[in-house]
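Novice: See my_file12.cif below, with mmCIF, C-alpha atoms.
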```cif
data_input
loop_
_atom_site.label_atom_id
_atom_site.label_comp_id
_atom_site.auth_asym_id
_atom_site.auth_seq_id
_atom_site.Cartn_x
_atom_site.Cartn_y
_atom_site.Cartn_z
CA MET A 1 111.58 -31.08 56.51
CA ASN A 2 110.01 -33.23 53.83
CA PRO A 3 106.47 -31.88 53.18
CA ILE A 4 104.91 -35.37 53.16
CA LEU A 5 106.51 -36.22 56.49
CA ARG A 6 105.41 -32.90 57.93
CA ASN A 7 101.83 -33.51 56.78
CA ILE A 8 101.84 -36.98 58.36
CA LEU A 9 103.21 -35.56 61.60
CA ALA A 10 100.59 -32.80 61.48
CA VAL A 11 97.78 -35.35 61.32
CA LEU A 12 99.33 -37.44 64.10
CA ALA A 13 99.75 -34.36 66.28
CA GLY A 14 96.13 -33.39 65.62
CA LEU A 15 94.90 -36.86 66.56
CA VAL A 16 96.94 -36.99 69.77
CA VAL A 17 96.13 -33.48 70.97
CA GLY A 18 92.47 -33.79 69.97
CA SER A 19 92.20 -37.08 71.86
CA ILE A 20 93.75 -35.55 74.96
CA ILE A 21 91.29 -32.65 74.84
CA ASN A 22 88.40 -35.06 74.27
CA GLY A 23 89.39 -37.17 77.29
CA ALA A 24 89.96 -34.14 79.51
CA ILE A 25 86.52 -32.67 78.73
CA ILE A 26 84.85 -36.04 79.33
CA ALA A 27 86.62 -36.31 82.71
CA LEU A 28 85.57 -32.76 83.56
CA GLY A 29 82.00 -33.64 82.64
CA HIS A 30 82.00 -36.53 85.13
CA GLN A 31 83.04 -34.04 87.81
CA LEU A 32 80.57 -31.30 86.85
CA PHE A 33 77.57 -33.57 86.23
CA PRO A 34 77.97 -36.67 88.39
CA ILE A 35 75.58 -39.51 87.72
CA GLN A 36 73.97 -41.19 90.73
CA VAL A 37 74.52 -44.73 89.48
CA GLU A 38 77.10 -47.23 90.63
CA ALA A 39 78.79 -47.79 87.27
CA ASP A 40 82.26 -47.23 85.90
CA LEU A 41 81.69 -44.52 83.30
CA ASN A 42 85.12 -45.19 81.83
CA THR A 43 84.02 -48.48 80.27
CA PRO A 44 81.47 -48.96 77.49
CA GLU A 45 79.56 -51.48 79.63
CA GLY A 46 79.35 -49.14 82.63
CA LEU A 47 78.35 -46.25 80.41
CA ALA A 48 75.61 -48.33 78.80
CA LEU A 49 74.28 -49.23 82.27
CA ALA A 50 74.24 -45.58 83.34
CA LEU A 51 72.75 -44.26 80.09
CA PRO A 52 69.09 -44.68 81.11
CA HIS A 53 69.77 -42.35 84.05
CA PHE A 54 71.29 -39.59 81.93
CA ARG A 55 69.56 -36.25 81.66
CA ALA A 56 70.18 -33.67 78.94
CA GLU A 57 73.08 -32.05 80.82
CA HIS A 58 74.90 -35.39 80.88
CA TYR A 59 75.10 -35.24 77.08
CA LEU A 60 76.50 -31.70 77.00
CA MET A 61 80.06 -32.56 77.94
CA PRO A 62 80.41 -35.55 75.58
CA PHE A 63 79.18 -33.39 72.72
CA LEU A 64 81.59 -30.59 73.64
CA ALA A 65 84.41 -33.12 74.02
CA HIS A 66 83.76 -34.54 70.57
CA ALA A 67 83.34 -31.14 68.92
CA LEU A 68 86.26 -29.38 70.61
CA GLY A 69 88.58 -32.38 70.38
CA THR A 70 87.90 -32.61 66.66
CA PHE A 71 88.17 -28.86 66.17
CA VAL A 72 91.51 -28.51 67.97
CA GLY A 73 92.94 -31.63 66.32
CA ALA A 74 91.88 -30.52 62.85
CA PHE A 75 93.09 -26.99 63.54
CA LEU A 76 96.49 -28.28 64.56
CA ALA A 77 96.75 -30.57 61.54
CA ALA A 78 95.79 -27.77 59.15
CA TYR A 79 98.11 -25.29 60.87
CA ILE A 80 101.18 -27.55 60.96
CA GLY A 81 100.65 -29.09 57.53
CA VAL A 82 102.33 -27.54 54.52
CA SER A 83 99.93 -28.57 51.77
CA LEU A 84 96.44 -29.98 51.33
CA ARG A 85 95.42 -28.42 54.63
CA LYS A 86 91.73 -29.10 54.07
CA ILE A 87 92.45 -32.79 53.49
CA LEU A 88 94.59 -32.92 56.65
CA ALA A 89 91.81 -31.36 58.72
CA LEU A 90 89.26 -33.73 57.20
CA ILE A 91 91.44 -36.76 57.93
CA VAL A 92 91.38 -35.81 61.61
CA GLY A 93 87.62 -35.22 61.40
CA VAL A 94 87.05 -38.62 59.78
CA PHE A 95 89.11 -40.40 62.44
CA PHE A 96 87.10 -38.76 65.20
CA PHE A 97 83.87 -39.44 63.29
CA ALA A 98 84.78 -43.15 63.18
CA GLY A 99 85.37 -43.04 66.93
CA GLY A 100 81.96 -41.40 67.38
CA VAL A 101 80.27 -44.11 65.31
CA MET A 102 81.99 -46.79 67.40
CA MET A 103 80.90 -45.04 70.62
CA ILE A 104 77.31 -44.88 69.40
CA ALA A 105 77.39 -48.55 68.42
CA MET A 106 78.65 -49.52 71.88
CA ILE A 107 76.28 -47.53 74.09
CA SER A 108 73.21 -46.67 71.93
CA PRO A 109 72.44 -43.11 73.08
CA PRO A 110 69.15 -41.37 72.18
CA LEU A 111 68.51 -40.55 68.54
CA TRP A 112 68.66 -36.78 69.09
CA PHE A 113 72.20 -37.11 70.49
CA ILE A 114 73.28 -39.37 67.63
CA LEU A 115 72.04 -36.86 65.05
CA LEU A 116 73.58 -33.89 66.86
CA ASP A 117 76.89 -35.59 67.55
CA LEU A 118 77.45 -37.17 64.14
CA GLY A 119 75.96 -34.22 62.28
CA VAL A 120 77.81 -31.36 63.98
CA ALA A 121 80.75 -32.51 66.12
CA TYR A 122 83.08 -34.02 63.53
CA ILE A 123 83.16 -33.06 59.85
CA PRO A 124 81.68 -29.55 60.32
CA MET A 125 84.18 -28.85 63.13
CA ALA A 126 87.07 -30.05 60.94
CA LEU A 127 85.90 -27.79 58.11
CA LEU A 128 85.50 -24.85 60.51
CA ALA A 129 89.03 -25.42 61.83
CA HIS A 130 90.38 -25.46 58.27
CA TYR A 131 88.49 -22.28 57.44
CA ILE A 132 89.85 -20.45 60.48
CA VAL A 133 93.42 -21.59 59.83
CA THR A 134 93.37 -20.56 56.19
CA LYS A 135 91.54 -17.29 56.83
CA TYR A 136 93.41 -16.02 59.90
CA PHE A 137 96.62 -17.97 60.48
CA VAL A 138 98.25 -18.90 57.19
CA LYS A 139 99.79 -16.19 55.04
CA PRO A 140 98.89 -16.38 51.35
CA LEU A 141 101.57 -17.88 49.10
CA PHE A 142 101.48 -14.94 46.66
#
```
Turn the structure described in the file into structure tokens.

Specialist:
Amino acid sequence: MNPILRNILAVLAGLVVGSIINGAIIALGHQLFPIQVEADLNTPEGLALALPHFRAEHYLMPFLAHALGTFVGAFLAAYIGVSLRKILALIVGVFFFAGGVMMIAMISPPLWFILLDLGVAYIPMALLAHYIVTKYFVKPLF
């Protein structure tokens, strides 16, 4: 397969799988930590209405969803890709970072969550995924 095409498919696979994991963890969080507010947590408006009633545990699952979704997506992109694996992982991390910025702009969570989420869940997770792939899963070329 053409290396450029394989790299593009690697990024797309990382974005799709990472998004699925993100959504699944968010859905699990709604089950584990239900909020006692009549609001649809699947819409930005409903989430913004419920946000004042959130406690610290209600932020745990979104953070894990963002971090693990990014990690798995970046891992997959770096693992499937044939060259520039760090760039592929970072592309996935940047896409998820942009989604995180949009989420923050829509619902305005507390500052501590913004700093934690944007500072740890995206680019560092993409770099960690790249490190693990190159250290433990990809055989050296020489």

Novice: The PyMOL selection byres ((chain A and resi 68) around 8) - which residues does that actually catch in the file I just gave you? List them as a PyMOL selection string.

Specialist: chain A and resi 18+21-22+64-67+69-72+121+125

Novice: Might you spell out which residues the PyMOL selection byres ((chain A and resi 38) around 12) would select in the displayed file, as an mmCIF file with C-alpha atoms, in the coordinates of the input?

Specialist:
```cif
data_model
loop_
_atom_site.group_PDB
_atom_site.id
_atom_site.type_symbol
_atom_site.label_atom_id
_atom_site.label_comp_id
_atom_site.auth_asym_id
_atom_site.auth_seq_id
_atom_site.Cartn_x
_atom_site.Cartn_y
_atom_site.Cartn_z
ATOM 1 C CA PRO A 34 77.970 -36.670 88.390
ATOM 2 C CA ILE A 35 75.580 -39.510 87.720
ATOM 3 C CA GLN A 36 73.970 -41.190 90.730
ATOM 4 C CA VAL A 37 74.520 -44.730 89.480
ATOM 5 C CA ALA A 39 78.790 -47.790 87.270
ATOM 6 C CA ASP A 40 82.260 -47.230 85.900
ATOM 7 C CA LEU A 41 81.690 -44.520 83.300
ATOM 8 C CA GLY A 46 79.350 -49.140 82.630
ATOM 9 C CA LEU A 47 78.350 -46.250 80.410
ATOM 10 C CA ALA A 48 75.610 -48.330 78.800
ATOM 11 C CA LEU A 49 74.280 -49.230 82.270
ATOM 12 C CA ALA A 50 74.240 -45.580 83.340
ATOM 13 C CA LEU A 51 72.750 -44.260 80.090
ATOM 14 C CA HIS A 53 69.770 -42.350 84.050
#
```

Novice: Applied to this file, what does the PyMOL selection byres ((chain A and resi 79) around 12) return in terms of residues, put as a ChimeraX atom specification?

Specialist: /A:6-7,9-11,13-14,71-78,80-89,129-139

Novice: Output the selection as an mmCIF file, in the coordinates of the input - C-alpha atoms for each residue.

Specialist:
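File part13.cif, as written:
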```
data_model
loop_
_atom_site.group_PDB
_atom_site.id
_atom_site.type_symbol
_atom_site.label_atom_id
_atom_site.label_comp_id
_atom_site.auth_asym_id
_atom_site.auth_seq_id
_atom_site.Cartn_x
_atom_site.Cartn_y
_atom_site.Cartn_z
ATOM 1 C CA ARG A 6 105.410 -32.900 57.930
ATOM 2 C CA ASN A 7 101.830 -33.510 56.780
ATOM 3 C CA LEU A 9 103.210 -35.560 61.600
ATOM 4 C CA ALA A 10 100.590 -32.800 61.480
ATOM 5 C CA VAL A 11 97.780 -35.350 61.320
ATOM 6 C CA ALA A 13 99.750 -34.360 66.280
ATOM 7 C CA GLY A 14 96.130 -33.390 65.620
ATOM 8 C CA PHE A 71 88.170 -28.860 66.170
ATOM 9 C CA VAL A 72 91.510 -28.510 67.970
ATOM 10 C CA GLY A 73 92.940 -31.630 66.320
ATOM 11 C CA ALA A 74 91.880 -30.520 62.850
ATOM 12 C CA PHE A 75 93.090 -26.990 63.540
ATOM 13 C CA LEU A 76 96.490 -28.280 64.560
ATOM 14 C CA ALA A 77 96.750 -30.570 61.540
ATOM 15 C CA ALA A 78 95.790 -27.770 59.150
ATOM 16 C CA ILE A 80 101.180 -27.550 60.960
ATOM 17 C CA GLY A 81 100.650 -29.090 57.530
ATOM 18 C CA VAL A 82 102.330 -27.540 54.520
ATOM 19 C CA SER A 83 99.930 -28.570 51.770
ATOM 20 C CA LEU A 84 96.440 -29.980 51.330
ATOM 21 C CA ARG A 85 95.420 -28.420 54.630
ATOM 22 C CA LYS A 86 91.730 -29.100 54.070
ATOM 23 C CA ILE A 87 92.450 -32.790 53.490
ATOM 24 C CA LEU A 88 94.590 -32.920 56.650
ATOM 25 C CA ALA A 89 91.810 -31.360 58.720
ATOM 26 C CA ALA A 129 89.030 -25.420 61.830
ATOM 27 C CA HIS A 130 90.380 -25.460 58.270
ATOM 28 C CA TYR A 131 88.490 -22.280 57.440
ATOM 29 C CA ILE A 132 89.850 -20.450 60.480
ATOM 30 C CA VAL A 133 93.420 -21.590 59.830
ATOM 31 C CA THR A 134 93.370 -20.560 56.190
ATOM 32 C CA LYS A 135 91.540 -17.290 56.830
ATOM 33 C CA TYR A 136 93.410 -16.020 59.900
ATOM 34 C CA PHE A 137 96.620 -17.970 60.480
ATOM 35 C CA VAL A 138 98.250 -18.900 57.190
ATOM 36 C CA LYS A 139 99.790 -16.190 55.040
#
```

Novice: Any idea what the distance is between atom CA of A:Met106 and atom CA of A:Leu12?

Specialist: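 Interatomic distance here is 25.2 Å.
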
Novice: Got a sec: who's within 10 Å of A:Pro62, counting only C-alpha atoms, leaving out chain neighbours fewer than 5 positions off, as a short mmCIF file (atom, residue, chain, number, x, y, z; two decimals) with C-alpha atoms, keeping the file's coordinate frame?

Specialist:
```
data_model
loop_
_atom_site.label_atom_id
_atom_site.label_comp_id
_atom_site.auth_asym_id
_atom_site.auth_seq_id
_atom_site.Cartn_x
_atom_site.Cartn_y
_atom_site.Cartn_z
CA ASN A 22 88.40 -35.06 74.27
CA GLY A 23 89.39 -37.17 77.29
CA ILE A 25 86.52 -32.67 78.73
CA ILE A 26 84.85 -36.04 79.33
CA ALA A 27 86.62 -36.31 82.71
CA LEU A 28 85.57 -32.76 83.56
CA GLY A 29 82.00 -33.64 82.64
CA HIS A 30 82.00 -36.53 85.13
CA GLU A 57 73.08 -32.05 80.82
CA ALA A 67 83.34 -31.14 68.92
CA LEU A 68 86.26 -29.38 70.61
CA PHE A 113 72.20 -37.11 70.49
CA ASP A 117 76.89 -35.59 67.55
CA ALA A 121 80.75 -32.51 66.12
#
```

Novice: List the spatial neighbours of A:Phe96 as a list in words - criterion: any atom at most 7 Å away, only C-alpha atoms, same-chain residues fewer than 4 positions off excluded.

Specialist: Thr70, Val92, Gly100 and Tyr122 of chain A

Novice: So how many Å separate atom CA of A:Ser19 and atom CA of A:Gly99, to one decimal?

Specialist: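 Separation of atom CA of A:Ser19 and atom CA of A:Gly99: 10.3 Å.
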